[in-house]
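With mmCIF, C-alpha atoms and all ligand atoms inside, this is run_10.cif:
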data_final
#
loop_
_atom_site.group_PDB
_atom_site.id
_atom_site.type_symbol
_atom_site.label_atom_id
_atom_site.label_comp_id
_atom_site.auth_asym_id
_atom_site.auth_seq_id
_atom_site.Cartn_x
_atom_site.Cartn_y
_atom_site.Cartn_z
ATOM 1 C CA MET A 23 36.695 -14.390 -32.726
ATOM 2 C CA PHE A 24 40.176 -13.871 -34.058
ATOM 3 C CA GLY A 25 41.527 -13.410 -30.532
ATOM 4 C CA PHE A 26 39.909 -16.659 -29.389
ATOM 5 C CA LEU A 27 41.570 -18.529 -32.206
ATOM 6 C CA LYS A 28 44.942 -16.976 -31.368
ATOM 7 C CA LYS A 29 44.568 -18.149 -27.779
ATOM 8 C CA ALA A 30 43.607 -21.624 -28.934
ATOM 9 C CA PHE A 31 46.675 -21.837 -31.120
ATOM 10 C CA GLY A 32 49.062 -20.439 -28.511
ATOM 11 C CA LYS A 33 51.147 -23.602 -28.302
ATOM 12 C CA THR A 34 51.260 -24.031 -32.075
ATOM 13 C CA ASN A 35 52.352 -20.425 -32.448
ATOM 14 C CA GLU A 36 55.137 -20.994 -29.905
ATOM 15 C CA ALA A 37 56.328 -23.923 -32.000
ATOM 16 C CA ILE A 38 56.344 -21.727 -35.101
ATOM 17 C CA ARG A 39 58.386 -19.067 -33.277
ATOM 18 C CA GLU A 40 61.002 -21.665 -32.450
ATOM 19 C CA VAL A 41 61.559 -22.283 -36.131
ATOM 20 C CA LEU A 42 61.252 -18.629 -37.033
ATOM 21 C CA PRO A 43 62.196 -16.350 -34.100
ATOM 22 C CA GLU A 44 61.471 -13.195 -36.122
ATOM 23 C CA LYS A 45 58.609 -12.498 -38.466
ATOM 24 C CA LYS A 46 59.541 -11.842 -42.085
ATOM 25 C CA THR A 47 58.057 -10.433 -45.291
ATOM 26 C CA LYS A 48 59.144 -13.483 -47.269
ATOM 27 C CA ILE A 49 60.263 -16.926 -46.170
ATOM 28 C CA SER A 50 62.188 -19.667 -47.887
ATOM 29 C CA LYS A 51 60.626 -22.934 -48.947
ATOM 30 C CA GLU A 52 62.742 -24.711 -46.320
ATOM 31 C CA GLU A 53 61.428 -22.432 -43.581
ATOM 32 C CA PHE A 54 57.837 -23.001 -44.656
ATOM 33 C CA GLU A 55 58.439 -26.747 -44.708
ATOM 34 C CA GLU A 56 59.946 -26.698 -41.209
ATOM 35 C CA ILE A 57 57.104 -24.593 -39.818
ATOM 36 C CA LEU A 58 54.461 -26.923 -41.209
ATOM 37 C CA LEU A 59 56.323 -29.978 -39.913
ATOM 38 C CA GLU A 60 56.629 -28.399 -36.471
ATOM 39 C CA ALA A 61 52.861 -27.744 -36.451
ATOM 40 C CA ASP A 62 52.223 -31.447 -37.224
ATOM 41 C CA VAL A 63 51.004 -31.146 -40.791
ATOM 42 C CA ASP A 64 51.214 -34.490 -42.559
ATOM 43 C CA TYR A 65 54.438 -34.742 -44.591
ATOM 44 C CA GLU A 66 52.801 -35.948 -47.765
ATOM 45 C CA LEU A 67 50.538 -32.881 -47.699
ATOM 46 C CA ILE A 68 53.505 -30.554 -47.061
ATOM 47 C CA GLU A 69 55.288 -31.957 -50.114
ATOM 48 C CA ARG A 70 52.221 -31.384 -52.251
ATOM 49 C CA LEU A 71 51.832 -27.807 -51.017
ATOM 50 C CA LEU A 72 55.512 -26.979 -51.577
ATOM 51 C CA GLU A 73 55.486 -28.313 -55.111
ATOM 52 C CA SER A 74 53.509 -25.383 -56.457
ATOM 53 C CA LEU A 75 55.331 -22.691 -54.440
ATOM 54 C CA PRO A 76 58.372 -20.632 -55.513
ATOM 55 C CA GLU A 77 61.720 -20.665 -53.640
ATOM 56 C CA THR A 78 60.799 -17.555 -51.652
ATOM 57 C CA ILE A 79 57.226 -17.321 -50.446
ATOM 58 C CA THR A 80 55.142 -14.227 -49.737
ATOM 59 C CA ARG A 81 52.179 -14.147 -47.373
ATOM 60 C CA ILE A 82 49.681 -14.125 -50.232
ATOM 61 C CA GLN A 83 51.332 -17.158 -51.790
ATOM 62 C CA ALA A 84 51.366 -19.008 -48.467
ATOM 63 C CA TYR A 85 47.725 -18.053 -47.880
ATOM 64 C CA ASN A 86 46.590 -19.300 -51.279
ATOM 65 C CA SER A 87 48.460 -22.528 -50.758
ATOM 66 C CA LEU A 88 47.038 -23.301 -47.292
ATOM 67 C CA ILE A 89 43.484 -22.167 -48.029
ATOM 68 C CA SER A 90 43.387 -24.459 -51.069
ATOM 69 C CA VAL A 91 43.330 -27.419 -48.661
ATOM 70 C CA PHE A 92 39.861 -26.353 -47.473
ATOM 71 C CA GLN A 93 38.408 -25.849 -50.930
ATOM 72 C CA TYR A 94 36.489 -29.074 -51.305
ATOM 73 C CA ARG A 95 32.787 -29.549 -51.787
ATOM 74 C CA ALA A 96 31.080 -30.546 -48.589
ATOM 75 C CA GLU A 97 27.494 -30.367 -47.464
ATOM 76 C CA TRP A 98 27.011 -28.032 -44.504
ATOM 77 C CA ILE A 99 24.028 -28.859 -42.363
ATOM 78 C CA ASP A 100 22.054 -25.983 -40.865
ATOM 79 C CA PRO A 101 20.387 -26.913 -37.556
ATOM 80 C CA ASN A 102 17.730 -24.255 -38.165
ATOM 81 C CA ALA A 103 16.440 -26.221 -41.137
ATOM 82 C CA TYR A 104 15.000 -28.877 -38.817
ATOM 83 C CA HIS A 105 12.616 -28.927 -35.895
ATOM 84 C CA PRO A 106 13.609 -30.581 -33.700
ATOM 85 C CA PHE A 107 17.187 -30.813 -34.907
ATOM 86 C CA VAL A 108 18.663 -34.157 -33.881
ATOM 87 C CA GLU A 109 22.418 -34.503 -33.554
ATOM 88 C CA MET A 110 24.449 -37.587 -32.618
ATOM 89 C CA ILE A 111 27.874 -37.069 -31.044
ATOM 90 C CA ILE A 112 30.383 -39.739 -31.967
ATOM 91 C CA GLY A 113 33.989 -40.484 -31.112
ATOM 92 C CA VAL A 114 36.443 -42.545 -29.094
ATOM 93 C CA ASN A 115 36.478 -42.290 -25.303
ATOM 94 C CA GLY A 116 38.450 -39.331 -24.056
ATOM 95 C CA ALA A 117 38.140 -37.344 -27.275
ATOM 96 C CA GLY A 118 35.960 -34.855 -25.426
ATOM 97 C CA LYS A 119 32.437 -35.959 -26.385
ATOM 98 C CA THR A 120 30.784 -35.182 -23.066
ATOM 99 C CA THR A 121 32.420 -31.780 -22.685
ATOM 100 C CA THR A 122 31.588 -30.916 -26.282
ATOM 101 C CA ILE A 123 27.931 -31.843 -25.767
ATOM 102 C CA ALA A 124 27.855 -29.367 -22.862
ATOM 103 C CA LYS A 125 29.481 -26.731 -25.085
ATOM 104 C CA LEU A 126 26.969 -27.280 -27.892
ATOM 105 C CA ALA A 127 24.077 -27.151 -25.433
ATOM 106 C CA ARG A 128 25.357 -23.849 -24.027
ATOM 107 C CA ARG A 129 25.810 -22.450 -27.512
ATOM 108 C CA TYR A 130 22.277 -23.416 -28.549
ATOM 109 C CA GLN A 131 20.874 -21.949 -25.323
ATOM 110 C CA LYS A 132 22.617 -18.674 -26.142
ATOM 111 C CA GLU A 133 20.902 -18.747 -29.533
ATOM 112 C CA GLY A 134 17.618 -18.935 -27.650
ATOM 113 C CA LYS A 135 17.000 -22.581 -28.459
ATOM 114 C CA SER A 136 15.693 -25.189 -26.045
ATOM 115 C CA VAL A 137 17.839 -28.291 -25.697
ATOM 116 C CA ILE A 138 17.415 -31.876 -24.512
ATOM 117 C CA LEU A 139 20.232 -34.377 -24.001
ATOM 118 C CA GLY A 140 20.187 -38.139 -24.469
ATOM 119 C CA ALA A 141 22.708 -40.166 -22.458
ATOM 120 C CA GLY A 142 23.393 -42.720 -25.166
ATOM 121 C CA ASP A 143 26.707 -44.014 -23.805
ATOM 122 C CA THR A 144 25.066 -46.640 -21.623
ATOM 123 C CA PHE A 145 28.226 -48.757 -21.655
ATOM 124 C CA ARG A 146 29.833 -46.726 -18.878
ATOM 125 C CA ALA A 147 28.044 -45.541 -15.757
ATOM 126 C CA ALA A 148 30.546 -42.684 -15.504
ATOM 127 C CA ALA A 149 29.472 -41.342 -18.899
ATOM 128 C CA ILE A 150 25.827 -41.208 -17.801
ATOM 129 C CA GLU A 151 26.784 -39.485 -14.556
ATOM 130 C CA GLN A 152 29.082 -36.986 -16.224
ATOM 131 C CA LEU A 153 26.457 -35.968 -18.776
ATOM 132 C CA SER A 154 23.779 -35.764 -16.068
ATOM 133 C CA ARG A 155 25.986 -33.381 -14.090
ATOM 134 C CA TRP A 156 26.370 -31.127 -17.133
ATOM 135 C CA ALA A 157 22.597 -31.242 -17.704
ATOM 136 C CA GLU A 158 22.034 -30.075 -14.144
ATOM 137 C CA LYS A 159 24.639 -27.331 -14.428
ATOM 138 C CA LEU A 160 23.225 -26.057 -17.715
ATOM 139 C CA GLN A 161 19.638 -26.685 -16.593
ATOM 140 C CA VAL A 162 18.687 -28.739 -19.621
ATOM 141 C CA PRO A 163 16.532 -31.865 -19.467
ATOM 142 C CA ILE A 164 18.215 -35.218 -20.017
ATOM 143 C CA VAL A 165 16.923 -38.689 -20.847
ATOM 144 C CA ALA A 166 19.067 -41.358 -19.201
ATOM 145 C CA THR A 167 18.752 -45.001 -18.238
ATOM 146 C CA ARG A 168 20.888 -47.311 -16.177
ATOM 147 C CA GLN A 169 24.222 -48.661 -17.363
ATOM 148 C CA GLY A 170 23.868 -51.599 -19.738
ATOM 149 C CA HIS A 171 20.412 -50.633 -21.046
ATOM 150 C CA ASP A 172 19.786 -50.345 -24.773
ATOM 151 C CA PRO A 173 20.997 -46.908 -25.951
ATOM 152 C CA SER A 174 18.522 -47.035 -28.829
ATOM 153 C CA ALA A 175 15.717 -46.797 -26.277
ATOM 154 C CA VAL A 176 17.370 -43.620 -25.007
ATOM 155 C CA VAL A 177 17.475 -42.269 -28.561
ATOM 156 C CA PHE A 178 13.783 -43.022 -29.101
ATOM 157 C CA ASP A 179 12.685 -41.555 -25.764
ATOM 158 C CA THR A 180 14.796 -38.425 -26.140
ATOM 159 C CA ILE A 181 13.428 -37.631 -29.595
ATOM 160 C CA ARG A 182 9.841 -38.406 -28.578
ATOM 161 C CA SER A 183 10.202 -36.206 -25.531
ATOM 162 C CA ALA A 184 11.556 -33.390 -27.723
ATOM 163 C CA LEU A 185 8.591 -33.776 -30.083
ATOM 164 C CA ALA A 186 6.072 -33.794 -27.229
ATOM 165 C CA LYS A 187 7.557 -30.701 -25.571
ATOM 166 C CA GLY A 188 8.493 -28.788 -28.714
ATOM 167 C CA VAL A 189 12.199 -28.788 -27.868
ATOM 168 C CA ASP A 190 14.433 -27.262 -30.575
ATOM 169 C CA ARG A 191 17.647 -29.252 -30.354
ATOM 170 C CA VAL A 192 18.323 -32.876 -29.423
ATOM 171 C CA ILE A 193 21.913 -33.874 -28.621
ATOM 172 C CA ILE A 194 22.645 -37.561 -28.179
ATOM 173 C CA ASP A 195 25.803 -39.008 -26.639
ATOM 174 C CA THR A 196 27.104 -42.354 -27.928
ATOM 175 C CA ALA A 197 29.544 -44.960 -26.705
ATOM 176 C CA GLY A 198 33.166 -44.612 -27.795
ATOM 177 C CA ARG A 199 34.052 -48.193 -27.087
ATOM 178 C CA LEU A 200 32.237 -51.516 -26.571
ATOM 179 C CA HIS A 201 33.547 -55.042 -26.103
ATOM 180 C CA THR A 202 34.349 -55.259 -29.800
ATOM 181 C CA GLN A 203 34.484 -52.895 -32.742
ATOM 182 C CA THR A 204 31.714 -54.908 -34.430
ATOM 183 C CA ASN A 205 29.471 -54.415 -31.409
ATOM 184 C CA LEU A 206 30.118 -50.696 -31.548
ATOM 185 C CA ALA A 207 29.302 -50.514 -35.250
ATOM 186 C CA GLU A 208 26.070 -52.481 -34.751
ATOM 187 C CA GLU A 209 25.033 -50.350 -31.786
ATOM 188 C CA LEU A 210 25.648 -47.062 -33.616
ATOM 189 C CA LYS A 211 23.793 -48.288 -36.706
ATOM 190 C CA LYS A 212 20.837 -49.312 -34.570
ATOM 191 C CA MET A 213 20.796 -45.925 -32.857
ATOM 192 C CA VAL A 214 20.630 -44.254 -36.283
ATOM 193 C CA ARG A 215 17.791 -46.567 -37.418
ATOM 194 C CA VAL A 216 15.809 -45.977 -34.258
ATOM 195 C CA ALA A 217 16.280 -42.199 -34.483
ATOM 196 C CA ASP A 218 14.781 -42.331 -37.964
ATOM 197 C CA LYS A 219 11.860 -44.347 -36.607
ATOM 198 C CA ALA A 220 11.201 -41.777 -33.887
ATOM 199 C CA LEU A 221 11.471 -38.916 -36.378
ATOM 200 C CA PRO A 222 11.885 -39.651 -40.097
ATOM 201 C CA GLY A 223 15.134 -38.085 -41.343
ATOM 202 C CA ALA A 224 16.792 -38.070 -37.916
ATOM 203 C CA PRO A 225 19.588 -37.932 -36.954
ATOM 204 C CA HIS A 226 20.190 -34.844 -39.059
ATOM 205 C CA ARG A 227 23.860 -34.543 -38.174
ATOM 206 C CA LYS A 228 26.323 -37.210 -37.046
ATOM 207 C CA MET A 229 29.120 -35.180 -35.571
ATOM 208 C CA LEU A 230 32.523 -36.706 -34.974
ATOM 209 C CA ILE A 231 34.666 -35.471 -32.094
ATOM 210 C CA LEU A 232 38.409 -35.676 -32.743
ATOM 211 C CA ASP A 233 41.110 -35.047 -30.146
ATOM 212 C CA GLY A 234 43.442 -32.422 -31.617
ATOM 213 C CA THR A 235 46.338 -33.498 -29.386
ATOM 214 C CA GLN A 236 46.459 -36.811 -31.222
ATOM 215 C CA GLY A 237 47.417 -35.048 -34.408
ATOM 216 C CA SER A 238 46.920 -36.561 -37.817
ATOM 217 C CA SER A 239 46.519 -40.108 -36.446
ATOM 218 C CA THR A 240 42.867 -39.249 -35.759
ATOM 219 C CA VAL A 241 42.231 -39.535 -39.487
ATOM 220 C CA ASN A 242 42.073 -43.333 -39.224
ATOM 221 C CA GLN A 243 39.558 -43.106 -36.382
ATOM 222 C CA ALA A 244 37.430 -40.822 -38.491
ATOM 223 C CA LYS A 245 37.533 -43.188 -41.449
ATOM 224 C CA ALA A 246 36.462 -46.092 -39.233
ATOM 225 C CA PHE A 247 33.438 -44.214 -37.851
ATOM 226 C CA ASP A 248 32.581 -42.912 -41.303
ATOM 227 C CA ALA A 249 32.553 -46.477 -42.624
ATOM 228 C CA MET A 250 30.228 -47.512 -39.764
ATOM 229 C CA ILE A 251 27.507 -44.879 -40.011
ATOM 230 C CA GLY A 252 28.655 -41.981 -42.193
ATOM 231 C CA ILE A 253 29.990 -38.811 -40.588
ATOM 232 C CA ASP A 254 28.497 -35.405 -41.465
ATOM 233 C CA GLY A 255 30.938 -33.126 -39.722
ATOM 234 C CA ILE A 256 33.780 -32.742 -37.308
ATOM 235 C CA ILE A 257 34.622 -30.924 -34.102
ATOM 236 C CA ILE A 258 38.315 -30.865 -33.141
ATOM 237 C CA THR A 259 38.921 -30.573 -29.389
ATOM 238 C CA LYS A 260 41.825 -29.650 -27.132
ATOM 239 C CA LEU A 261 43.648 -27.563 -29.730
ATOM 240 C CA ASP A 262 44.455 -25.134 -26.901
ATOM 241 C CA GLY A 263 46.710 -27.650 -25.206
ATOM 242 C CA THR A 264 48.868 -28.743 -28.126
ATOM 243 C CA ALA A 265 51.409 -27.522 -30.638
ATOM 244 C CA LYS A 266 49.730 -29.704 -33.230
ATOM 245 C CA GLY A 267 47.433 -27.040 -34.661
ATOM 246 C CA GLY A 268 48.578 -27.962 -38.147
ATOM 247 C CA SER A 269 46.777 -31.266 -37.854
ATOM 248 C CA VAL A 270 43.605 -29.382 -38.817
ATOM 249 C CA LEU A 271 45.082 -29.099 -42.319
ATOM 250 C CA SER A 272 45.784 -32.827 -42.538
ATOM 251 C CA ILE A 273 42.324 -33.667 -41.199
ATOM 252 C CA ALA A 274 40.631 -31.387 -43.723
ATOM 253 C CA ASP A 275 42.815 -32.659 -46.557
ATOM 254 C CA GLN A 276 42.217 -36.337 -45.880
ATOM 255 C CA LEU A 277 38.595 -36.324 -44.770
ATOM 256 C CA LYS A 278 37.162 -33.468 -46.836
ATOM 257 C CA MET A 279 34.340 -33.047 -44.342
ATOM 258 C CA PRO A 280 32.972 -29.847 -42.828
ATOM 259 C CA ILE A 281 34.828 -28.810 -39.660
ATOM 260 C CA TYR A 282 32.113 -27.072 -37.652
ATOM 261 C CA PHE A 283 33.835 -26.076 -34.419
ATOM 262 C CA ILE A 284 37.037 -26.294 -32.488
ATOM 263 C CA GLY A 285 37.319 -26.810 -28.737
ATOM 264 C CA THR A 286 39.502 -24.255 -27.004
ATOM 265 C CA GLY A 287 39.240 -25.252 -23.335
ATOM 266 C CA GLU A 288 37.283 -27.188 -20.734
ATOM 267 C CA GLN A 289 34.464 -24.720 -20.055
ATOM 268 C CA PRO A 290 31.056 -24.716 -21.795
ATOM 269 C CA GLU A 291 31.960 -21.421 -23.503
ATOM 270 C CA ASP A 292 35.140 -22.846 -25.016
ATOM 271 C CA LEU A 293 33.812 -23.744 -28.443
ATOM 272 C CA ILE A 294 34.304 -21.550 -31.493
ATOM 273 C CA PRO A 295 33.005 -21.941 -35.032
ATOM 274 C CA PHE A 296 35.788 -22.995 -37.350
ATOM 275 C CA LYS A 297 36.515 -20.615 -40.226
ATOM 276 C CA ALA A 298 39.245 -21.716 -42.618
ATOM 277 C CA ASN A 299 40.374 -18.176 -43.493
ATOM 278 C CA GLU A 300 40.750 -17.192 -39.819
ATOM 279 C CA TYR A 301 42.661 -20.380 -39.130
ATOM 280 C CA VAL A 302 45.087 -19.833 -42.001
ATOM 281 C CA ASN A 303 45.562 -16.169 -41.069
ATOM 282 C CA THR A 304 46.252 -17.059 -37.437
ATOM 283 C CA ILE A 305 49.147 -19.235 -38.573
ATOM 284 C CA LEU A 306 50.415 -16.683 -41.108
ATOM 285 C CA ASP A 307 50.300 -13.843 -38.546
ATOM 286 C CA GLU A 308 52.965 -15.762 -36.673
ATOM 287 C CA ILE A 309 55.202 -16.018 -39.748
ATOM 288 C CA PHE A 310 54.898 -12.750 -41.649
ATOM 289 C CA VAL A 311 55.345 -9.131 -40.549
ATOM 290 C CA PRO A 312 52.092 -7.158 -40.815
ATOM 291 C CA ALA A 313 51.621 -5.706 -44.306
HETATM 292 N N1 LIG B 401 41.983 -28.210 -22.935
HETATM 293 C C1 LIG B 401 40.885 -28.783 -23.390
HETATM 294 N N2 LIG B 401 40.381 -29.849 -22.756
HETATM 295 C C2 LIG B 401 39.258 -30.422 -23.231
HETATM 296 C C3 LIG B 401 38.604 -29.939 -24.400
HETATM 297 N N3 LIG B 401 37.524 -30.750 -24.630
HETATM 298 C C4 LIG B 401 37.524 -31.679 -23.660
HETATM 299 N N4 LIG B 401 38.568 -31.493 -22.811
HETATM 300 C C5 LIG B 401 38.950 -32.313 -21.650
HETATM 301 O O1 LIG B 401 39.255 -33.625 -22.089
HETATM 302 C C6 LIG B 401 38.884 -34.592 -21.124
HETATM 303 C C7 LIG B 401 38.000 -35.654 -21.763
HETATM 304 O O2 LIG B 401 36.796 -35.050 -22.123
HETATM 305 P P1 LIG B 401 35.394 -35.785 -21.982
HETATM 306 O O3 LIG B 401 34.373 -34.825 -22.416
HETATM 307 O O4 LIG B 401 35.268 -36.432 -20.673
HETATM 308 O O5 LIG B 401 35.621 -36.859 -23.104
HETATM 309 P P2 LIG B 401 34.726 -38.056 -23.577
HETATM 310 O O6 LIG B 401 35.031 -38.263 -25.009
HETATM 311 O O7 LIG B 401 33.335 -37.913 -23.139
HETATM 312 O O8 LIG B 401 35.486 -39.125 -22.805
HETATM 313 P P3 LIG B 401 34.948 -40.180 -21.834
HETATM 314 O O9 LIG B 401 34.206 -39.434 -20.785
HETATM 315 O O10 LIG B 401 36.233 -40.832 -21.379
HETATM 316 O O11 LIG B 401 34.118 -40.991 -22.754
HETATM 317 C C8 LIG B 401 38.228 -33.809 -20.001
HETATM 318 O O12 LIG B 401 39.172 -33.594 -18.987
HETATM 319 C C9 LIG B 401 37.834 -32.486 -20.659
HETATM 320 O O13 LIG B 401 37.779 -31.433 -19.756
HETATM 321 C C10 LIG B 401 39.170 -28.786 -25.070
HETATM 322 O O14 LIG B 401 38.689 -28.303 -26.095
HETATM 323 N N5 LIG B 401 40.300 -28.271 -24.517
#
Can you present the structure in this file as structure tokens?
Amino acid sequence: MFGFLKKAFGKTNEAIREVLPEKKTKISKEEFEEILLEADVDYELIERLLESLPETITRIQAYNSLISVFQYRAEWIDPNAYHPFVEMIIGVNGAGKTTTIAKLARRYQKEGKSVILGAGDTFRAAAIEQLSRWAEKLQVPIVATRQGHDPSAVVFDTIRSALAKGVDRVIIDTAGRLHTQTNLAEELKKMVRVADKALPGAPHRKMLILDGTQGSSTVNQAKAFDAMIGIDGIIITKLDGTAKGGSVLSIADQLKMPIYFIGTGEQPEDLIPFKANEYVNTILDEIFVPA
């Protein structure tokens, strides 16, 4: 797992090495500040972190400082607590929703769970096609209608089909953009209401997909979606292709929501559970000489 994370943060680690060509046992406050800036951590957060640190910083001190960002109370949702477990995948177009749905489906299959997909982005024909292709590749059933049809009908049919067939996990795609933001909010709210009608309590998890290459600016997107329907958790994609790995800290700090997974590539296997301690250690391994 550690190796996977290292690979995912390759570009961020390169950026750190530019600031600090050689690993050290202690670093100065200025060096720590520069490293965090280079990794795209929000400046206001950096200032806060530096405030409580001494002029020269050891690994333990840096660890305690960075890990503190993740120490907020958040409710973690366990898919195994529900049958079927219904999950809605939310986010702007291009964030990586479709690919992430494929990754989740593959992951659940590996856990021995049966999966059904719902093609709830009926705004774009391409989205329906793309998800259908993944369904075929992964050999999972999919409920899809034609472009322009009501996505809430897809939600209802997908959940009912899961109930009828005893499927374990339901993953529903949603539109990332409609003609107006108000339309999008109304559509997402209706999808949530209809899910609850099909199965009281559903959807159990509304998962937001954030594009890691967009850095800390994704925080505003997240707040907008959270205001619309309430977000239960986050997946950050494309961290493998960017030096902005530090944005995870800003996202955690500002949203205080569970970060469930990070996307580390374009293949269905490229999804790893996010663990704050591994993340912090991956960054610190690049700064400090091994103890
Ligand atoms: N390197 C990398 N690429 C990713 C990752 N996740 C998604 N992508 C790529 O990002 C692009 C957009 O992903 P999609 O899954 O199509 O995104 P979407 O949010 O469904 O976007 P639309 O299809 O435009 O709605 C694709 O080329 C994916 O292969 C990731 O974790 N790492």
Where does the PyMOL selection byres (((not hetatm)) within 8 of (chain B and resi 401)) land in this file, that is, which residues does it pick, as an MDAnalysis selection string? chainID A and resid 113:123 148:149 152 197:198 231 233 258:263 284:289 292:293
Grab the residues selected above and save them as a short mmCIF file (atom, residue, chain, number, x, y, z; two decimals), in the coordinates of the input with C-alpha atoms.
data_model
loop_
_atom_site.label_atom_id
_atom_site.label_comp_id
_atom_site.auth_asym_id
_atom_site.auth_seq_id
_atom_site.Cartn_x
_atom_site.Cartn_y
_atom_site.Cartn_z
CA GLY A 113 33.99 -40.48 -31.11
CA VAL A 114 36.44 -42.54 -29.09
CA ASN A 115 36.48 -42.29 -25.30
CA GLY A 116 38.45 -39.33 -24.06
CA ALA A 117 38.14 -37.34 -27.28
CA GLY A 118 35.96 -34.85 -25.43
CA LYS A 119 32.44 -35.96 -26.38
CA THR A 120 30.78 -35.18 -23.07
CA THR A 121 32.42 -31.78 -22.68
CA THR A 122 31.59 -30.92 -26.28
CA ILE A 123 27.93 -31.84 -25.77
CA ALA A 148 30.55 -42.68 -15.50
CA ALA A 149 29.47 -41.34 -18.90
CA GLN A 152 29.08 -36.99 -16.22
CA ALA A 197 29.54 -44.96 -26.70
CA GLY A 198 33.17 -44.61 -27.80
CA ILE A 231 34.67 -35.47 -32.09
CA ASP A 233 41.11 -35.05 -30.15
CA ILE A 258 38.32 -30.86 -33.14
CA THR A 259 38.92 -30.57 -29.39
CA LYS A 260 41.82 -29.65 -27.13
CA LEU A 261 43.65 -27.56 -29.73
CA ASP A 262 44.46 -25.13 -26.90
CA GLY A 263 46.71 -27.65 -25.21
CA ILE A 284 37.04 -26.29 -32.49
CA GLY A 285 37.32 -26.81 -28.74
CA THR A 286 39.50 -24.26 -27.00
CA GLY A 287 39.24 -25.25 -23.34
CA GLU A 288 37.28 -27.19 -20.73
CA GLN A 289 34.46 -24.72 -20.06
CA ASP A 292 35.14 -22.85 -25.02
CA LEU A 293 33.81 -23.74 -28.44
#
Tell me, as an MDAnalysis selection string, which residues lie within 9 Å of Ala298 in chain A, counting all atoms listed in the file; anything in the same chain fewer than 4 positions away does not count. chainID A and resid 89 92 281 302:303
- Item | Close residues, Lys211 in chain A itself excluded, 10 Å, all atoms listed in the file, min 3 positions apart in chain, as a list in words |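 The residues that qualify are Ser174, Asn205, Leu206, Ala207, Glu208, Val214, Arg215, Val216, Ala217, Met250, Ile251 and Gly252 of chain A.
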*asked:* Which residues are close to Phe54 in chain A, i.e. within 12 Å by all atoms listed in the file, leaving aside same-chain residues fewer than 5 positions away? Reply as a PyMOL selection string.
replied: chain A and resi 38+41-42+46+48-49+59-61+63+68-69+71-73+75-81+83-85+87-88+305-306+308-310
Exercise for the section: To verify the selection step, state as a ChimeraX atom specification which residues the PyMOL selection byres (((chain A and resi 244) around 12) and not hetatm) yields on this input. Expected result: /A:112-114,117,228-233,238-243,245-258,273-274,276-279
Output the residue selection produced by the PyMOL selection byres (((chain A and resi 269) around 8) and not hetatm) on the file above, formatted as number ranges by chain. A: 61-64, 234, 237-238, 266-268, 270-273
Checklist entry - Quick one, how far is CA of Val108 in chain A from CA of His226 in chain A? => result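 Pair CA of Val108 in chain A / CA of His226 in chain A returns 5.4 Å.
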The residue from A:Lys125, A:Lys212, A:Lys33, A:Arg227 with the smallest atom-to-atom distance to Ile294 in chain A, counting all atoms listed in the file, is A:Lys125
At the level of N, CA and C atoms, write range 82-93 of chain A to a file as a PDB file, in the first residue's frame, please.
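After the write, part.pdb holds the following:
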ATOM      1  N   ILE A  82       9.289  14.037  13.846  1.00  0.00           N
ATOM      2  CA  ILE A  82       8.153  13.820  14.756  1.00  0.00           C
ATOM      3  C   ILE A  82       7.296  15.088  14.846  1.00  0.00           C
ATOM      4  N   GLN A  83       7.997  16.223  14.949  1.00  0.00           N
ATOM      5  CA  GLN A  83       7.261  17.489  15.058  1.00  0.00           C
ATOM      6  C   GLN A  83       6.473  17.780  13.777  1.00  0.00           C
ATOM      7  N   ALA A  84       7.103  17.511  12.637  1.00  0.00           N
ATOM      8  CA  ALA A  84       6.421  17.725  11.357  1.00  0.00           C
ATOM      9  C   ALA A  84       5.227  16.773  11.233  1.00  0.00           C
ATOM     10  N   TYR A  85       5.443  15.514  11.670  1.00  0.00           N
ATOM     11  CA  TYR A  85       4.364  14.527  11.605  1.00  0.00           C
ATOM     12  C   TYR A  85       3.167  14.972  12.442  1.00  0.00           C
ATOM     13  N   ASN A  86       3.449  15.352  13.685  1.00  0.00           N
ATOM     14  CA  ASN A  86       2.352  15.756  14.577  1.00  0.00           C
ATOM     15  C   ASN A  86       1.594  16.947  14.018  1.00  0.00           C
ATOM     16  N   SER A  87       2.337  17.848  13.397  1.00  0.00           N
ATOM     17  CA  SER A  87       1.709  19.031  12.833  1.00  0.00           C
ATOM     18  C   SER A  87       0.779  18.651  11.666  1.00  0.00           C
ATOM     19  N   LEU A  88       1.296  17.867  10.718  1.00  0.00           N
ATOM     20  CA  LEU A  88       0.490  17.536   9.530  1.00  0.00           C
ATOM     21  C   LEU A  88      -0.681  16.606   9.869  1.00  0.00           C
ATOM     22  N   ILE A  89      -0.448  15.657  10.766  1.00  0.00           N
ATOM     23  CA  ILE A  89      -1.520  14.697  11.067  1.00  0.00           C
ATOM     24  C   ILE A  89      -2.678  15.391  11.796  1.00  0.00           C
ATOM     25  N   SER A  90      -2.350  16.498  12.483  1.00  0.00           N
ATOM     26  CA  SER A  90      -3.395  17.203  13.235  1.00  0.00           C
ATOM     27  C   SER A  90      -4.506  17.712  12.305  1.00  0.00           C
ATOM     28  N   VAL A  91      -4.138  17.942  11.037  1.00  0.00           N
ATOM     29  CA  VAL A  91      -5.119  18.444  10.066  1.00  0.00           C
ATOM     30  C   VAL A  91      -6.248  17.424   9.861  1.00  0.00           C
ATOM     31  N   PHE A  92      -5.918  16.144  10.020  1.00  0.00           N
ATOM     32  CA  PHE A  92      -6.913  15.087   9.758  1.00  0.00           C
ATOM     33  C   PHE A  92      -7.688  14.688  11.010  1.00  0.00           C
ATOM     34  N   GLN A  93      -7.380  15.348  12.137  1.00  0.00           N
ATOM     35  CA  GLN A  93      -8.030  14.914  13.369  1.00  0.00           C
ATOM     36  C   GLN A  93      -9.313  15.682  13.634  1.00  0.00           C
TER      37      GLN A  93
END
